[in-house]
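Colleague: The structure under discussion is supplied below as structure tokens; questions concerning it will follow.
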Amino acid sequence: MPQKLLFLVLFACLPAICWGQKNRYTAFFTEIDSINDAAVSLKKLEGFKRKNKLNPTEKIAFYERVFPLAFKISEYDLALKYNFESMKFAREINNDSLLANYLKLTGSTYYYIKDRSTALAYFKKALDIADRNKIWSVKARMLSNIGAMYVEQEKYGLAEKNLKESIALCKKYARDPSLVLLPTRLLATLYTQTGRGNLARPLYEEIISVSDEIKDTSMMCFSRMYFSRLLVESKEFKKALACSEEALKLARIQGNKNTIETSLSGHAQILERTGHLKESIKYLRKTLALRKVLFRDDLKVAIAETEVKYKTGEIRRQKELAESKAVAEKRKNSLYIVVFIGLTLLLIIVFLAVNLRSQSKRKKAEMALQQEYFEAVLEAQEKEKERIARDLHDGICQKFVAARMKFAFVGESLDESGPEISGNYKACIALLDEATNELRNISHEIMPPDLDELGFTEALRQLAHTMFNHVMDYSFEVFGKIRDLSQQEEIQLYRATQELFSNVIRHSKASQVSVQLIFSEKQLMLLVEDDGIGLTESNKKGMGLGNISLRAEIIKARFHMEQPAGRGTLASLKLPLKEHEL
């Protein structure tokens, strides 16, 4: 009878126990959502998962929180770990909606670590599942993501098709008007890049109207920023300037430094295009100063993350050492009890051996951790350099050169002007030179991004296309079997070639240029020949040729310039190839 009574009491209490457990999990996730520190939240979530066996509902709540937290602190390896775990879970419970969403998140993770091909593959898998199961929200997002990647690859036909379909789905099914803004903005950007400003304009106006209505500060800022560039192309300078000023004001309200930096740079370009040269230089200086701050902040974050990893490894090592000592002590005590007298000496020897071995392992572990720390710091610095290099390449560096050339052209008409105008002109030229020199001092130490992404030969081909396309007729040819070069040789040759191409554009007054890259068994030869005015005394004494000569000396190459047949210029760089490169 007492046993039956106990059973009935437990049975009656079971719902309350289950409710209490559920309530505890709900309280935990509510606590996680209230924490502002992403790293702390992530650590608590992982500890919670280790200590508790989660049911499907709790797993979904866990994955829903862990992904954005990992992204927020750039823990992409951890994000990928949970990506694969979540996809396996979704397949186990046969939930296609979850699987499509987790595939989308996996694609986003690969996109952020710059593995574009893998990201595109996961986006397409998510799109296929969403399409088969009529999950329109995931389908719309995937079409938008795929369209954005096709815009990056300049596959404009495919991009336009995907973006239009995404917009149509959002307008048909979405109750939230903000969902349609991103694909619409991407489509407007596509139209702008392909010279269809008449189609881009109504889209920008629609985005601005909707984002203003729903108070989406980020889209309010970016839509105006991109629209102002279109207005400049349409020569609506006054409207473009007002739009750009409003975008900058919104960026400052939003408070994101990267958005402010982009807005400052864009506003400087608008000012330069609309003839406000002094103000343009002022905003360019602000842009440069903010980029330095961003570089320092990002580098501090990278170093701090590395130090956290180092300290975590140190704690783990100390824990392992403590456990190892505890095991050794327990073994010693057990042996001491069993054979107290006969094995006393042997136990002492064993203890000393274990202790010495432990010390040796500890020293090796400390050295390995120290080495890992320095390697991680260097890797963080290199990644940051690559990011800055991309920003400089696609940002203001080329604009400075263009502005300098335009100033020089304008200067020819100022000879008969008054001293005040002439003085302002010289001051502007000095400020441009100062800013350009400062940018070059930063960029000279940074790895050119095309070298890593395309390889040396294709990077030079892309450089020639970027600098000469729409400027003059050019040809780029490669002869012989392509050889591998050291990183130092690639960087110096690439920089020297940049300077050569820049000299052709600025000084040669040429209409055609030929670039040849010739690989032989013993040397690599780079030839750049134009049909311009040839060498002048000012060109021979310029800093550009001096920089090229210095870079050639660093990698033991030979640099030579000549004027064949009395017209044009032929520049050659000859790099001896080592035996291991054959």
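Ordering of the structure tokens sets the chain letters (A, B, ...), residue numbers begin anew at 1 in every chain, and ligands are numbered from 1 in the order given.
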Go through range 50-88 of chain A and collect every residue that DSSP, computed from the backbone, puts in helix (DSSP H, G or I); the answer should be as a ChimeraX atom specification.
Modeller: /A:50-51,56-72,76-88
Colleague: List the spatial neighbours of Phe227 in chain A as a ChimeraX atom specification - criterion: any atom at most 9 Å away, only C-alpha atoms, same-chain residues fewer than 5 positions off excluded.
Modeller: /A:188,200-201,204-205,222,232,240,243-244
Colleague: Show me, as number ranges by chain, the residues that have an atom within 7 Å of range 526-528 of chain A when counting only C-alpha atoms, minus same-chain residues fewer than 4 positions from it.
Modeller: A: 514-518, 570-574
Colleague: Just how far from CA of Tyr112 in chain A is CA of Asp77 in chain A, in Å to one decimal?
Modeller: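 Taking CA of Asp77 in chain A and CA of Tyr112 in chain A, their separation equals 11.1 Å.
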Colleague: Let me make sure I understand: among A:Lys72, A:Arg495, A:Lys249, A:Lys104, which one has the smallest atom-to-atom distance to Ser549 in chain A if we use only C-alpha atoms?
Modeller: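 Of A:Lys72, A:Arg495, A:Lys249, A:Lys104, the one nearest Ser549 in chain A, counting only C-alpha atoms, is A:Arg495.
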Colleague: Compile a residue-level contact table for range 82-181 of chain A against range 43-64 of chain A at a cut-off of 9 Å, reporting for every qualifying residue the shortest atom pair and its distance in Å to one decimal, with only C-alpha atoms counted, rows ordered by chain and ascending number, as a Markdown table.
Modeller:
```
| residue | atom | partner | partner_atom | distance |
| --- | --- | --- | --- | --- |
| A:Tyr82 | CA | A:Tyr63 | CA | 7.4 |
| A:Asn83 | CA | A:Tyr63 | CA | 8.5 |
| A:Ser86 | CA | A:Tyr63 | CA | 7.0 |
| A:Phe89 | CA | A:Pro56 | CA | 8.5 |
| A:Ile93 | CA | A:Pro56 | CA | 8.2 |
| A:Leu98 | CA | A:Ile60 | CA | 8.7 |
```
Colleague: Give me, please, the distance in Å between CA of Leu169 in chain A and CA of Leu182 in chain A, quoted to one decimal.
Modeller: 13.0 Å
Colleague: Of the candidates A:Ile505, A:Val138, A:Ala242, A:Ala464, which one gets nearest to Ala402 in chain A if we count only C-alpha atoms?
Modeller: A:Ile505
Colleague: List the neighbours of Val151 in chain A out to 12 Å using only C-alpha atoms; skip same-chain residues closer than 6 positions along the sequence, and give me the result as number ranges by chain.
Modeller: A: 144-145, 157-163, 183, 185-194
